[in-house]
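Undergrad: For reference, this is query-v3.txt, and it has compact mmCIF, C-alpha atoms.
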# COMPACT_ATOMS: atom_id res chain seq x y z
CA MET U 1 75.64 84.94 94.53
CA ILE U 2 75.89 87.83 92.08
CA ARG U 3 74.83 91.22 93.33
CA ILE U 4 73.84 94.02 90.99
CA LEU U 5 75.98 97.13 91.00
CA ALA U 6 74.71 100.02 88.92
CA VAL U 7 74.91 103.77 88.67
CA SER U 8 72.76 106.82 88.35
CA GLY U 9 74.15 109.86 86.64
CA CYS U 10 77.47 108.07 86.42
CA SER U 11 79.44 106.56 83.57
CA ALA U 12 79.71 102.88 84.46
CA CYS U 13 78.40 99.96 86.50
CA CYS U 14 79.93 96.85 87.99
CA VAL U 15 79.05 93.32 88.97
CA SER U 16 81.02 91.59 91.70
CA PRO U 17 80.45 87.93 92.63
CA TYR U 18 81.09 88.82 96.27
CA GLY U 19 79.07 92.00 96.58
CA ARG U 20 82.28 93.96 97.04
CA THR U 21 84.36 96.38 95.05
CA TYR U 22 86.84 94.86 92.64
CA ARG U 23 90.25 94.03 94.03
CA GLY U 24 93.61 93.94 92.30
CA SER U 25 93.54 94.36 88.53
CA LEU U 26 90.28 95.79 87.30
CA PRO U 27 88.24 93.89 84.69
CA ARG U 28 88.42 94.67 81.00
CA GLY U 29 86.90 98.06 80.25
CA CYS U 30 87.05 99.11 83.89
CA ARG U 31 88.56 102.48 84.73
CA ARG U 32 89.60 103.67 88.16
CA SER U 33 88.20 107.10 87.34
CA ASP U 34 84.67 105.72 86.93
CA VAL U 35 82.23 106.14 89.77
CA CYS U 36 79.57 103.54 90.57
CA CYS U 37 76.73 103.25 93.00
CA TYR U 38 76.29 99.71 94.25
CA VAL U 39 73.98 97.67 96.44
CA PHE U 40 75.34 95.57 99.27
CA ASP U 41 72.74 93.98 101.53
CA GLY U 42 70.35 96.77 100.68
CA ALA U 43 72.80 99.60 101.39
CA ILE U 44 73.88 102.09 98.77
CA ASP U 45 77.52 103.07 98.47
CA VAL U 46 79.75 104.69 95.86
CA VAL U 47 83.01 103.28 94.57
CA ARG U 48 85.36 104.01 91.72
CA GLY U 49 85.97 101.52 88.94
CA GLY U 50 83.65 99.48 86.74
CA PRO U 51 83.21 97.96 83.28
CA ASP U 52 81.13 99.58 80.58
CA ILE U 53 77.42 99.45 81.43
CA GLY U 54 76.46 98.15 78.00
CA SER U 55 78.20 94.83 78.56
CA LEU U 56 76.24 94.25 81.76
CA LYS U 57 72.69 95.19 80.75
CA PRO U 58 71.55 91.54 80.53
CA LEU U 59 72.54 91.10 84.18
CA ILE U 60 70.69 94.09 85.58
CA ARG U 61 67.26 93.25 86.90
CA THR U 62 64.55 95.87 86.81
CA ALA U 63 63.92 95.71 90.55
CA ALA U 64 67.56 96.20 91.46
CA VAL U 65 67.87 99.15 89.11
CA ALA U 66 64.73 100.70 90.58
CA VAL U 67 66.20 100.50 94.08
CA ILE U 68 69.48 102.02 92.97
CA LEU U 69 67.86 104.81 90.98
CA ALA U 70 65.61 105.69 93.88
CA SER U 71 68.60 105.91 96.19
CA CYS U 72 71.00 107.67 93.83
CA GLY U 73 68.43 109.96 92.21
CA GLY U 74 67.85 110.33 88.48
CA THR U 75 68.15 107.83 85.67
CA SER U 76 70.99 105.53 84.72
CA THR U 77 73.13 106.96 81.98
CA THR U 78 76.42 106.52 80.18
CA SER U 79 76.45 110.05 78.78
CA GLU U 80 79.64 112.05 78.52
CA THR U 81 78.40 114.59 81.05
CA GLY U 82 80.46 112.80 83.68
CA PRO U 83 79.65 111.29 87.05
CA THR U 84 77.70 113.12 89.71
CA GLU U 85 79.68 114.35 92.68
CA PRO U 86 79.63 111.68 95.41
CA PRO U 87 78.88 112.83 98.95
CA PRO U 88 81.94 113.40 101.15
CA ALA U 89 81.54 110.15 103.11
CA ALA U 90 81.34 108.16 99.88
CA GLU U 91 84.43 109.93 98.56
CA ASP U 92 86.34 109.01 101.73
CA ALA U 93 85.30 105.38 101.30
CA SER U 94 86.30 105.46 97.65
CA LEU U 95 89.77 106.84 98.37
CA PHE U 96 90.34 104.21 101.04
CA SER U 97 89.15 101.39 98.77
CA GLU U 98 91.33 102.61 95.89
CA ARG U 99 94.37 102.70 98.16
CA MET U 100 93.77 99.23 99.51
CA MET U 101 93.32 97.91 95.95
CA ALA U 102 96.69 99.49 95.11
CA VAL U 103 98.18 97.69 98.12
CA ASP U 104 96.51 94.50 96.89
CA GLU U 105 98.16 94.92 93.48
CA ALA U 106 101.55 95.36 95.16
CA VAL U 107 100.99 92.24 97.27
CA ALA U 108 100.02 90.28 94.15
CA ALA U 109 103.31 91.32 92.51
CA TRP U 110 105.15 90.42 95.70
CA ARG U 111 103.60 86.95 95.87
CA SER U 112 104.38 86.18 92.23
CA ALA U 113 107.78 87.89 92.03
CA ALA U 114 110.35 86.05 89.92
CA SER U 115 113.25 87.39 91.96
CA VAL U 116 114.03 88.51 95.48
CA GLU U 117 114.68 92.01 94.17
CA ALA U 118 111.21 92.19 92.63
CA ALA U 119 109.64 90.87 95.83
CA HIS U 120 111.49 93.49 97.85
CA ALA U 121 110.33 96.30 95.56
CA ALA U 122 106.71 95.15 95.76
CA ALA U 123 106.87 94.74 99.55
CA GLU U 124 108.29 98.25 99.79
CA THR U 125 105.39 99.55 97.72
CA ALA U 126 102.81 97.91 99.97
CA ALA U 127 104.42 99.14 103.18
CA ASN U 128 104.86 102.72 101.98
CA LEU U 129 101.26 102.93 100.78
CA VAL U 130 100.10 101.90 104.25
CA VAL U 131 102.32 104.06 106.47
CA GLY U 132 102.42 107.21 104.33
CA PRO U 133 105.23 109.80 104.20
CA ASN U 134 105.26 110.42 107.96
CA GLY U 135 105.07 106.75 108.93
CA PRO U 136 107.89 104.55 110.23
CA GLY U 137 110.28 103.26 107.61
CA TYR U 138 108.71 105.20 104.73
CA GLY U 139 111.02 105.66 101.78
CA ASP U 140 113.64 103.62 99.98
CA ARG U 141 113.36 100.57 102.21
CA ASN U 142 115.33 98.22 99.94
CA GLY U 143 118.12 100.69 99.13
CA ASP U 144 117.74 100.60 95.35
CA GLY U 145 117.56 104.37 95.02
CA VAL U 146 113.83 104.43 94.28
CA ILE U 147 110.89 105.03 96.61
CA SER U 148 108.35 102.47 95.47
CA GLY U 149 104.81 103.28 96.58
CA GLU U 150 105.56 106.98 96.95
CA THR U 151 102.51 108.78 98.31
CA THR U 152 101.40 111.93 100.10
CA VAL U 153 99.09 110.20 102.59
CA GLY U 154 98.99 106.77 104.18
CA VAL U 155 96.18 104.41 105.07
CA LEU U 156 96.86 105.00 108.77
CA PRO U 157 97.52 108.25 110.66
CA GLY U 158 101.07 109.50 110.93
CA PRO U 159 102.99 109.43 114.23
CA ASP U 160 102.38 113.18 114.48
CA GLY U 161 98.60 112.71 114.18
CA THR U 162 98.39 113.52 110.48
CA PRO U 163 95.15 111.84 109.32
CA GLY U 164 95.34 108.76 107.11
CA LEU U 165 92.78 107.63 104.57
CA ALA U 166 91.09 105.42 107.16
CA SER U 167 90.78 108.23 109.70
CA ALA U 168 87.61 109.66 108.16
CA LEU U 169 86.00 106.20 108.32
CA ALA U 170 86.47 105.64 112.05
CA ALA U 171 82.69 105.73 112.60
CA ASN U 172 82.51 102.41 110.74
CA GLY U 173 82.93 99.84 113.51
CA CYS U 174 84.74 97.34 111.30
CA VAL U 175 87.17 99.94 110.01
CA ALA U 176 87.83 101.06 113.58
CA ARG U 177 88.43 97.45 114.67
CA ASP U 178 90.21 95.86 111.70
CA VAL U 179 91.89 98.76 109.91
CA LEU U 180 92.69 101.36 112.55
CA GLY U 181 92.82 98.80 115.33
CA GLY U 182 92.52 101.41 118.08
CA THR U 183 91.49 104.94 118.96
CA TRP U 184 94.78 106.46 117.81
CA ALA U 185 94.61 108.89 120.71
CA ASP U 186 98.40 108.49 120.82
CA PRO U 187 99.57 107.81 117.24
CA ALA U 188 103.22 107.55 118.21
CA ALA U 189 102.36 104.82 120.72
CA GLU U 190 100.33 102.93 118.10
CA TRP U 191 103.29 102.87 115.71
CA GLY U 192 105.63 102.08 118.58
CA ALA U 193 103.61 98.95 119.34
CA MET U 194 103.96 97.87 115.72
CA LEU U 195 107.72 98.41 115.73
CA THR U 196 108.02 96.39 118.94
CA ALA U 197 106.00 93.53 117.46
CA ILE U 198 108.19 93.56 114.35
CA ASP U 199 111.37 93.62 116.40
CA GLU U 200 110.22 90.71 118.57
CA TRP U 201 108.98 88.57 115.67
CA ARG U 202 110.71 85.27 115.00
CA ALA U 203 109.80 82.38 112.75
CA ASP U 204 108.78 80.44 115.86
CA ASN U 205 107.25 83.48 117.60
CA ASN U 206 104.69 85.16 115.37
CA THR U 207 103.91 88.48 117.02
CA MET U 208 101.75 89.83 114.21
CA PRO U 209 98.45 88.70 115.82
CA THR U 210 99.19 91.12 118.67
CA LEU U 211 98.49 93.96 116.22
CA ALA U 212 94.78 94.75 115.91
CA SER U 213 95.38 96.80 112.75
CA HIS U 214 95.57 94.53 109.71
CA PRO U 215 97.32 97.17 107.56
CA MET U 216 100.03 97.24 110.24
CA ARG U 217 100.42 93.49 109.82
CA ILE U 218 100.96 94.08 106.08
CA VAL U 219 103.83 96.39 107.02
CA GLY U 220 105.18 93.69 109.32
CA TRP U 221 105.21 91.01 106.64
CA ALA U 222 106.72 93.49 104.19
CA THR U 223 109.50 94.20 106.70
CA PHE U 224 110.24 90.50 107.10
CA THR U 225 110.32 90.09 103.33
CA LEU U 226 112.77 92.96 102.97
CA GLY U 227 114.98 91.26 105.54
CA SER U 228 115.00 87.93 103.69
CA ASP U 229 117.11 86.79 100.76
CA ALA U 230 114.97 83.71 100.12
CA LEU U 231 112.33 83.99 97.39
CA ASP U 232 110.24 81.19 98.89
CA GLU U 233 110.06 83.08 102.16
CA ALA U 234 109.12 86.26 100.35
CA HIS U 235 106.25 84.46 98.62
CA GLU U 236 105.11 82.95 101.92
CA TYR U 237 105.17 86.31 103.68
CA GLY U 238 103.28 87.84 100.78
CA GLY U 239 100.57 85.23 101.32
CA HIS U 240 100.20 86.40 104.91
CA ALA U 241 99.97 90.01 103.73
CA LYS U 242 97.21 89.08 101.27
CA LEU U 243 95.01 87.85 104.12
CA HIS U 244 95.30 91.20 105.84
CA VAL U 245 94.57 93.12 102.64
CA ASP U 246 91.37 91.12 102.24
CA ILE U 247 90.27 91.76 105.81
CA SER U 248 90.95 95.49 105.41
CA LEU U 249 88.89 95.67 102.24
CA SER U 250 86.09 93.62 103.78
CA ALA U 251 85.78 96.19 106.56
CA MET U 252 84.03 98.52 104.12
CA ASN U 253 81.25 95.99 103.57
CA CYS U 254 80.75 95.10 107.22
Go ahead and express the file in the form of structure tokens.

TA:
Amino acid sequence: MIRILAVSGCSACCVSPYGRTYRGSLPRGCRRSDVCCYVFDGAIDVVRGGPDIGSLKPLIRTAAVAVILASCGGTSTTSETGPTEPPPAAEDASLFSERMMAVDEAVAAWRSAASVEAAHAAAETAANLVVGPNGPGYGDRNGDGVISGETTVGVLPGPDGTPGLASALAANGCVARDVLGGTWADPAAEWGAMLTAIDEWRADNNTMPTLASHPMRIVGWATFTLGSDALDEAHEYGGHAKLHVDISLSAMNC
């Protein structure tokens, strides 16, 4: 089923066959700097990224546009005046979605890597983008002298309580359950549980399901990839990570 995604006072609109924001590589003509309002089960949200509105006019039904315009305020436009300022909650959601799409891109490179070295670099990128600069293991995980996925903030809070991109979305029940995976009243304990699960993992003892946070599971599979010299294993572990990226992104549409 195709849902209509359109904008008001913004520069672009999008159509997604799943009623979600785009994942991975954006479609032709889509820019991450664009801001779009979209409809998902009758709810209005704002996301970044979308193809040029002109190419999608035949797909936009009058009724859907009317709903969006009523909710966003104003008329649809592609003028050069720039997008309207999204409300703070929408901006938080947009930053989280953009980060998870960046993780998704890293996982895609990891799953299709032509060498172990490339898989390791991509796994490092994904893990660093999740944990952030204060998180466990952040940095040059593969020892190649480069910090892939360098960032100033992670998806999850730091061990010292520094907020992550998902922190501002804790009121969303699905984000709280699937992304944060806990109250984070004791961030150091949350990360400690992840490190224990990683340490106890074996091929015949998969401890990743003990982690409620799916981004943490991405870090786990990245860690196992970085510890493997087999490309087939790296691809397999990347496939596991992809599942957890998808669940994390889906939390925004719950």

Undergrad: Given all atoms listed in the file as the basis, pick out the residue of U:Ser97, U:Thr196, U:Ser228, U:Thr210 nearest to U:Asp246.

TA: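 So, comparing all the options, the nearest one is U:Ser97.
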
Undergrad: Go ahead and compute the interatomic distance for atom CA of U:Asp199 and atom CA of U:Ala170, in Å to one decimal.

TA: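 Distance between the two atoms: 28.0 Å.
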
Undergrad: Let me make sure I understand: among U:Ser250, U:Ala230, U:Pro159, U:His235, which one has the smallest atom-to-atom distance to U:Ala189 if we use all atoms listed in the file?

TA: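 For U:Ala189, the nearest of the candidates is U:Pro159.
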
Undergrad: May I have the residues within 6 Å of stretch 114-124 of chain U as an NGL selection string, using all atoms listed in the file and disregarding those fewer than 4 positions away in the same chain?

TA: :U and (106 or 110 or 222 or 226 or 231)

Undergrad: Could you turn the residues from that selection into a file that holds C-alpha atoms, as an mmCIF file, keeping the file's coordinate frame?

TA:
data_model
loop_
_atom_site.group_PDB
_atom_site.id
_atom_site.type_symbol
_atom_site.label_atom_id
_atom_site.label_comp_id
_atom_site.auth_asym_id
_atom_site.auth_seq_id
_atom_site.Cartn_x
_atom_site.Cartn_y
_atom_site.Cartn_z
ATOM 1 C CA ALA U 106 101.550 95.360 95.160
ATOM 2 C CA TRP U 110 105.150 90.420 95.700
ATOM 3 C CA ALA U 222 106.720 93.490 104.190
ATOM 4 C CA LEU U 226 112.770 92.960 102.970
ATOM 5 C CA LEU U 231 112.330 83.990 97.390
#

Undergrad: Any idea what the distance is between atom CA of U:Glu105 and atom CA of U:Asp229?

TA: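 Those two atoms sit 21.9 Å apart.
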
Undergrad: Given only C-alpha atoms as the basis, pick out the residue of U:Leu95, U:Ala126, U:Asn134, U:Gly161 nearest to U:Gly220.

TA: U:Ala126

Undergrad: Using all atoms listed in the file for the distances, tell me which of U:Ala89, U:Ala185, U:Val153, U:Leu180 is nearest to U:Arg217.

TA: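 Using all atoms listed in the file, the shortest distance to U:Arg217 belongs to U:Leu180.
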
Undergrad: Provide the atom CA of U:Asn128 to atom CA of U:Gly149 distance in Å, to one decimal place.

TA: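 Computing the Euclidean distance for atom CA of U:Asn128 and atom CA of U:Gly149 yields 5.4 Å.
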
Undergrad: For U:Ile147, which residue among U:Ala127, U:Met208, U:Val175, U:Ala108 is the nearest when counting all atoms listed in the file?

TA: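 Nearest candidate to U:Ile147 out of U:Ala127, U:Met208, U:Val175, U:Ala108: U:Ala127.
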
Undergrad: Rank nothing, just name the residue among U:His214, U:Glu91, U:Cys174, U:Arg111 nearest to U:Ala234, using all atoms listed in the file.

TA: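 Nearest candidate to U:Ala234 out of U:His214, U:Glu91, U:Cys174, U:Arg111: U:Arg111.
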